[in-house]
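Data from my_file_18.txt: compact mmCIF, C-alpha atoms
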# COMPACT_ATOMS: atom_id res chain seq x y z
CA MET A 1 4.44 6.21 -0.10
CA LEU A 2 3.03 9.41 1.30
CA ARG A 3 0.66 11.41 -0.85
CA GLY A 4 -0.49 14.94 -0.31
CA GLY A 5 -4.17 14.42 0.39
CA ARG A 6 -7.04 16.72 -0.38
CA GLY A 7 -6.60 20.12 1.16
CA GLY A 8 -2.93 19.44 1.89
CA THR A 9 -3.57 16.69 4.43
CA PRO A 10 -0.87 13.99 4.38
CA GLY A 11 -2.12 10.78 2.87
CA TYR A 12 -1.43 8.19 0.21
CA GLY A 13 -1.82 7.55 -3.45
CA VAL A 14 -0.41 5.58 -6.38
CA ASP A 15 2.16 7.14 -8.65
CA GLY A 16 4.23 5.89 -11.51
CA PRO A 17 4.35 2.72 -13.61
CA GLY A 18 6.37 -0.39 -13.01
CA TYR A 19 6.03 -0.82 -9.27
CA ALA A 20 5.94 -4.56 -8.69
CA CYS A 21 4.09 -4.52 -5.41
CA GLY A 22 3.35 -1.28 -3.61
CA GLY A 23 4.87 2.05 -2.79
CA CYS A 24 2.63 4.88 -3.65
CA ALA A 25 3.07 8.58 -3.93
CA GLY A 26 1.69 11.87 -5.03
CA ASN A 27 2.75 15.44 -4.63
CA GLY A 28 4.75 15.96 -1.49
CA GLY A 29 5.17 12.28 -0.71
CA VAL A 30 7.53 9.34 -0.78
CA GLY A 31 7.25 6.47 -3.21
CA PRO A 32 7.95 5.38 -6.78
CA GLY A 33 7.20 7.45 -9.82
CA PRO A 34 8.16 10.93 -10.91
CA GLY A 35 6.94 13.80 -8.81
CA GLY A 36 6.07 11.70 -5.80
CA VAL A 37 9.40 11.24 -4.08
CA VAL A 38 10.77 13.41 -1.31
CA THR A 39 14.40 12.34 -1.18
CA THR A 40 17.79 13.84 -0.58
CA ALA A 41 18.16 14.43 -4.32
CA ARG A 42 14.84 16.23 -4.71
CA LEU A 43 15.19 18.42 -1.64
CA ALA A 44 18.77 19.25 -2.51
CA THR A 45 17.54 20.93 -5.70
CA ALA A 46 14.90 23.00 -3.90
CA PRO A 47 15.44 26.76 -3.55
CA ARG A 48 17.61 27.70 -0.60
CA ARG A 49 17.87 30.79 1.56
CA GLY A 50 21.20 32.50 1.57
CA ALA A 51 22.17 34.84 4.38
CA GLY A 52 19.94 37.89 4.08
CA THR A 53 18.66 36.96 0.60
CA GLY A 54 15.11 36.00 1.56
CA ASP A 55 15.23 32.89 -0.69
CA VAL A 56 13.11 29.92 0.33
CA SER A 57 15.01 27.08 1.96
CA PHE A 58 14.16 23.56 3.09
CA PRO A 59 16.16 21.25 5.35
CA LEU A 60 17.82 18.21 3.78
CA VAL A 61 15.74 15.15 4.70
CA THR A 62 16.08 11.47 3.84
CA ILE A 63 13.01 9.30 4.32
CA THR A 64 13.41 5.73 5.54
CA ILE A 65 10.68 3.31 4.48
CA GLY A 66 10.48 -0.08 6.13
CA VAL A 67 9.29 -3.20 4.34
CA LEU A 68 7.97 -5.94 6.59
CA ALA A 69 10.46 -8.71 5.79
CA LEU A 70 8.87 -11.83 7.26
CA GLN A 71 7.46 -13.36 4.06
CA GLY A 72 6.31 -12.26 0.62
CA ASP A 73 7.74 -10.09 -2.15
CA VAL A 74 10.03 -8.05 0.08
CA ARG A 75 12.84 -7.70 -2.46
CA GLU A 76 10.54 -6.26 -5.14
CA HIS A 77 9.18 -3.62 -2.77
CA ARG A 78 12.61 -2.53 -1.62
CA ALA A 79 13.98 -2.39 -5.17
CA ALA A 80 11.11 -0.20 -6.35
CA LEU A 81 11.35 2.17 -3.41
CA GLU A 82 15.12 2.49 -3.71
CA ALA A 83 14.84 3.11 -7.45
CA ALA A 84 12.55 6.01 -6.52
CA GLY A 85 15.16 7.45 -4.18
CA ALA A 86 13.92 6.32 -0.77
CA ARG A 87 16.12 4.61 1.78
CA THR A 88 14.68 1.24 2.80
CA VAL A 89 15.17 -1.27 5.56
CA GLY A 90 13.78 -4.74 6.09
CA VAL A 91 11.74 -4.88 9.27
CA ARG A 92 11.89 -8.06 11.37
CA ARG A 93 12.44 -6.65 14.87
CA PRO A 94 10.74 -4.02 17.03
CA GLU A 95 13.85 -1.83 17.05
CA GLU A 96 13.84 -1.78 13.22
CA LEU A 97 10.17 -0.86 13.20
CA ALA A 98 10.83 2.00 15.62
CA ALA A 99 13.34 3.57 13.21
CA VAL A 100 11.16 3.89 10.08
CA ASP A 101 9.10 6.83 8.78
CA GLY A 102 6.63 4.61 6.91
CA LEU A 103 6.03 0.92 6.30
CA VAL A 104 5.00 -1.40 3.47
CA LEU A 105 3.18 -4.66 4.20
CA PRO A 106 3.98 -6.72 1.09
CA GLY A 107 1.96 -9.24 -0.83
CA GLY A 108 2.42 -12.80 0.32
CA GLU A 109 0.45 -15.24 2.46
CA SER A 110 -1.57 -13.38 5.08
CA THR A 111 -1.93 -16.32 7.47
CA THR A 112 1.83 -16.98 7.42
CA ILE A 113 2.68 -13.31 7.95
CA ASP A 114 0.19 -13.16 10.83
CA LYS A 115 1.87 -16.13 12.57
CA LEU A 116 5.36 -14.75 11.98
CA LEU A 117 4.39 -11.37 13.41
CA ARG A 118 3.65 -13.15 16.65
CA VAL A 119 6.81 -15.30 16.52
CA PHE A 120 8.98 -12.19 16.02
CA ASP A 121 7.08 -10.21 18.70
CA LEU A 122 6.14 -7.58 16.13
CA ASP A 123 2.36 -7.74 16.26
CA GLU A 124 1.77 -5.53 19.29
CA PRO A 125 4.52 -2.97 18.50
CA LEU A 126 3.14 -2.67 14.97
CA ARG A 127 -0.44 -2.24 16.19
CA ALA A 128 0.81 0.50 18.51
CA ARG A 129 2.65 2.35 15.72
CA ILE A 130 -0.39 2.11 13.44
CA ALA A 131 -2.54 3.55 16.22
CA ASP A 132 0.00 6.38 16.60
CA GLY A 133 -0.38 7.29 12.92
CA LEU A 134 2.50 5.51 11.18
CA PRO A 135 1.93 5.71 7.40
CA VAL A 136 1.42 2.15 6.16
CA TYR A 137 0.69 0.72 2.72
CA GLY A 138 -0.63 -2.84 2.44
CA SER A 139 -0.70 -4.69 -0.89
CA CYS A 140 -2.82 -7.84 -1.33
CA ALA A 141 -1.96 -9.78 1.86
CA GLY A 142 -1.07 -6.42 3.38
CA MET A 143 -4.66 -5.26 2.82
CA ILE A 144 -5.90 -8.26 4.79
CA LEU A 145 -3.48 -7.47 7.63
CA LEU A 146 -4.71 -3.87 7.83
CA ALA A 147 -8.41 -4.75 7.75
CA ASP A 148 -10.48 -4.71 10.92
CA ARG A 149 -12.59 -7.64 9.68
CA ILE A 150 -11.94 -10.71 7.48
CA LEU A 151 -14.26 -13.10 5.66
CA GLY A 152 -12.85 -16.44 4.54
CA GLY A 153 -9.89 -16.40 6.91
CA THR A 154 -8.66 -19.28 9.03
CA THR A 155 -10.20 -19.76 12.47
CA ASP A 156 -7.08 -18.50 14.27
CA GLN A 157 -6.21 -15.70 11.84
CA ARG A 158 -5.72 -12.23 13.30
CA THR A 159 -5.11 -8.85 11.75
CA LEU A 160 -3.27 -5.71 12.76
CA GLY A 161 -6.36 -3.63 12.01
CA GLY A 162 -6.68 0.09 11.53
CA LEU A 163 -8.80 0.13 8.37
CA ASP A 164 -12.54 0.11 9.06
CA VAL A 165 -13.22 -2.37 6.27
CA THR A 166 -14.32 -5.96 5.78
CA VAL A 167 -12.20 -7.88 3.28
CA ARG A 168 -12.85 -11.28 1.71
CA ARG A 169 -9.71 -13.39 1.52
CA ASN A 170 -8.93 -15.08 -1.84
CA ALA A 171 -12.05 -13.41 -3.24
CA PHE A 172 -10.82 -13.49 -6.85
CA GLY A 173 -10.15 -17.23 -6.81
CA ARG A 174 -7.12 -19.45 -7.02
CA GLN A 175 -3.66 -18.85 -8.50
CA VAL A 176 -4.89 -19.96 -11.94
CA ASP A 177 -7.53 -17.19 -11.80
CA SER A 178 -4.88 -14.43 -11.64
CA PHE A 179 -5.30 -11.55 -14.06
CA GLU A 180 -4.08 -8.05 -14.89
CA THR A 181 -6.07 -4.94 -15.76
CA ASP A 182 -5.92 -1.14 -15.78
CA LEU A 183 -7.98 0.70 -13.16
CA GLU A 184 -9.02 4.28 -12.63
CA PHE A 185 -7.53 5.37 -9.31
CA ALA A 186 -8.73 8.44 -7.43
CA GLY A 187 -6.11 11.11 -6.87
CA VAL A 188 -3.66 9.97 -9.53
CA SER A 189 -2.88 13.02 -11.66
CA SER A 190 -2.30 12.68 -15.38
CA ARG A 191 1.34 12.77 -16.40
CA GLY A 192 0.82 12.26 -20.10
CA ALA A 193 1.68 8.57 -20.17
CA GLY A 194 -0.36 5.40 -20.08
CA PRO A 195 -4.10 4.90 -20.56
CA GLU A 196 -6.33 7.53 -19.06
CA GLY A 197 -9.52 7.12 -17.07
CA ASP A 198 -12.75 9.00 -17.74
CA ASP A 199 -11.71 11.73 -15.31
CA GLY A 200 -8.45 12.35 -17.15
CA SER A 201 -6.30 10.57 -14.59
CA ASP A 202 -3.75 7.93 -15.56
CA ALA A 203 -4.97 4.38 -15.12
CA VAL A 204 -3.04 2.19 -12.68
CA HIS A 205 -1.93 -1.21 -13.89
CA ALA A 206 -3.10 -3.78 -11.35
CA VAL A 207 -2.06 -7.42 -10.94
CA PHE A 208 -4.47 -9.67 -9.02
CA ILE A 209 -3.01 -12.89 -7.59
CA ARG A 210 -5.30 -14.78 -5.20
CA ALA A 211 -6.37 -11.33 -4.18
CA PRO A 212 -8.89 -10.12 -1.61
CA TRP A 213 -11.57 -7.54 -2.27
CA VAL A 214 -13.35 -5.17 0.09
CA GLU A 215 -16.89 -6.16 1.00
CA ASP A 216 -17.81 -3.01 2.90
CA VAL A 217 -16.23 0.15 4.28
CA GLY A 218 -16.85 2.31 7.32
CA PRO A 219 -17.80 5.99 7.14
CA GLY A 220 -14.22 7.22 7.48
CA VAL A 221 -12.85 5.17 4.58
CA GLU A 222 -12.27 6.62 1.11
CA VAL A 223 -12.73 4.26 -1.83
CA LEU A 224 -9.93 4.87 -4.34
CA ALA A 225 -10.51 2.19 -6.97
CA ARG A 226 -13.03 -0.43 -8.07
CA ILE A 227 -13.17 -3.17 -10.65
CA PRO A 228 -15.20 -1.80 -13.61
CA ASP A 229 -18.90 -2.60 -13.26
CA HIS A 230 -19.06 -4.11 -16.74
CA GLU A 231 -17.74 -7.43 -18.00
CA ALA A 232 -14.17 -7.41 -19.30
CA PRO A 233 -11.96 -10.19 -20.70
CA GLY A 234 -10.21 -12.19 -18.00
CA ILE A 235 -12.02 -10.52 -15.08
CA PRO A 236 -14.47 -12.72 -13.12
CA ALA A 237 -18.05 -11.54 -13.57
CA ALA A 238 -18.57 -11.67 -9.79
CA ALA A 239 -15.81 -9.08 -9.37
CA ALA A 240 -17.63 -6.31 -11.25
CA GLY A 241 -17.86 -3.16 -9.15
CA ARG A 242 -15.86 -4.57 -6.25
CA ILE A 243 -13.73 -2.23 -4.15
CA VAL A 244 -10.00 -2.89 -4.55
CA ALA A 245 -8.27 0.18 -3.08
CA VAL A 246 -9.05 2.19 0.06
CA GLN A 247 -7.54 4.85 2.29
CA GLN A 248 -8.26 5.84 5.85
CA GLY A 249 -6.05 8.49 7.38
CA SER A 250 -2.43 7.41 7.05
CA LEU A 251 -3.34 3.87 5.93
CA LEU A 252 -3.60 2.80 2.29
CA ALA A 253 -4.41 -0.67 1.00
CA THR A 254 -4.88 -2.25 -2.42
CA SER A 255 -6.14 -5.72 -3.31
CA PHE A 256 -3.66 -5.83 -6.16
CA HIS A 257 0.04 -5.50 -6.84
CA PRO A 258 0.50 -2.19 -8.70
Please rewrite the model in this file as structure tokens.
Amino acid sequence: MLRGGRGGTPGYGVDGPGYACGGCAGNGGVGPGPGGVVTTARLATAPRRGAGTGDVSFPLVTITIGVLALQGDVREHRAALEAAGARTVGVRRPEELAAVDGLVLPGGESTTIDKLLRVFDLDEPLRARIADGLPVYGSCAGMILLADRILGGTTDQRTLGGLDVTVRRNAFGRQVDSFETDLEFAGVSSRGAGPEGDDGSDAVHAVFIRAPWVEDVGPGVEVLARIPDHEAPGIPAAAAGRIVAVQQGSLLATSFHP
């Protein structure tokens, strides 16, 4: 999930095909896709320093990524992360949250997840960890949960916040309006596979299911992907140019399931 950001700053990105719903990586990070996973296997093959040899050495580290396991496509997230080499744990309790190095908020029903966070006494501990800099990726409903502001939500709906964005819930329409497309995604380096964007980067395959989009962003938010600003088959005309992926500090969110 963690991507080496510009200038070596830790951050997020998307890396590798076939991830059902989240988990993103780039150089020096944790997540699915080649080149983006810091795991026991990868670090074990790094150069080591023998006694008096001067060789470079790194400690053996295993990253534990939590997946919020209250509702939504939890199994798909965990399977993708584990296939990439990360250790995962389902998070339902504050003590499980306290033990993770990063967290995925999966796609699902944002209003249901919001209510269950309160039932399981996870809302305040999770807000506190986000404020302390916990790396978190939110996909679809997870984007709504990370947003500071919602349009189209229920009257009692709350968010965890952290991303200085306004999102519109169910912006792309109903279940029957679901669609798939390939998007240019900032910071995704070309690996010689899949369609390429105009900047030479690999396109990210995106699945939109009753998805939100971002209406506006604050000054500290980086826009990573948009719907193309021209009409395309299967994509609602009103969606052209809409923001669908953002990053702010250690928080990443996408409208879609990558």
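Between atom CA of Thr181 of chain A and atom CA of Ile235 of chain A the separation is 8.2 Å.
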Set the distance at 9 Å and use only C-alpha atoms: which residues neighbour Gly108 of chain A once local chain neighbours fewer than 3 positions away are removed? I'd like the list as a PDB file with C-alpha atoms, in the frame of the given file.
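Contents of selection.pdb, as written:
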ATOM      1  CA  GLN A  71       7.460 -13.360   4.060  1.00  0.00           C
ATOM      2  CA  GLY A  72       6.310 -12.260   0.620  1.00  0.00           C
ATOM      3  CA  ASP A  73       7.740 -10.090  -2.150  1.00  0.00           C
ATOM      4  CA  VAL A  74      10.030  -8.050   0.080  1.00  0.00           C
ATOM      5  CA  THR A 112       1.830 -16.980   7.420  1.00  0.00           C
ATOM      6  CA  ILE A 113       2.680 -13.310   7.950  1.00  0.00           C
ATOM      7  CA  SER A 139      -0.700  -4.690  -0.890  1.00  0.00           C
ATOM      8  CA  CYS A 140      -2.820  -7.840  -1.330  1.00  0.00           C
ATOM      9  CA  ALA A 141      -1.960  -9.780   1.860  1.00  0.00           C
ATOM     10  CA  GLY A 142      -1.070  -6.420   3.380  1.00  0.00           C
TER      11      GLY A 142
END
Contacts of Ala147 of chain A within 10 Å, only C-alpha atoms, excl. fewer than 3 positions in-chain, as a ChimeraX atom specification: /A:138,142-144,150,158-168,214,217,253
To one decimal in Å, tell me the separation between atom CA of Phe256 of chain A and atom CA of Thr154 of chain A.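 Distance reported for this atom pair: 20.9 Å.
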Return the single residue from A:Val104, A:Leu146, A:Ala99, A:Leu151 that is closest to Arg78 of chain A, with distances computed using all atoms listed in the file.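 The answer is A:Val104, which sits nearest to Arg78 of chain A.
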Would you mind listing what lies within 10 Å of Ala239 of chain A as JSON, numbers by chain, with all atoms listed in the file counted and same-chain residues fewer than 2 positions away left out? {"A": [171, 172, 213, 226, 227, 228, 229, 230, 231, 235, 236, 237, 241, 242, 243, 244]}
List as a PyMOL selection string: which residues have an atom within 8 Å of (11.6, 4.6, 3.5), counting only C-alpha atoms? chain A and resi 30+63-66+81+86-89+100-103
Which distance in Å separates atom CA of Ala206 of chain A and atom CA of Pro219 of chain A, to one decimal? 25.6 Å
So which residues are close to (-5.0, 2.8, -13.6), meaning at most 7 Å away in the file's coordinates with all atoms listed in the file counted, and can you show them as an MDAnalysis selection string? chainID A and resid 182:185 202:205
Among A:Val91, A:Val207, A:Ala83, A:Leu105, His257 of chain A is approached most closely, using only C-alpha atoms, by A:Val207
Pick from A:Leu145, A:Ala211, A:Val246, A:Ala69: nearest to Ser110 of chain A, with only C-alpha atoms counted? A:Leu145
Using only C-alpha atoms, which of the listed residues (A:Ala245, A:Ala238, A:Leu68, A:Tyr137) sits closest to Leu116 of chain A? A:Leu68
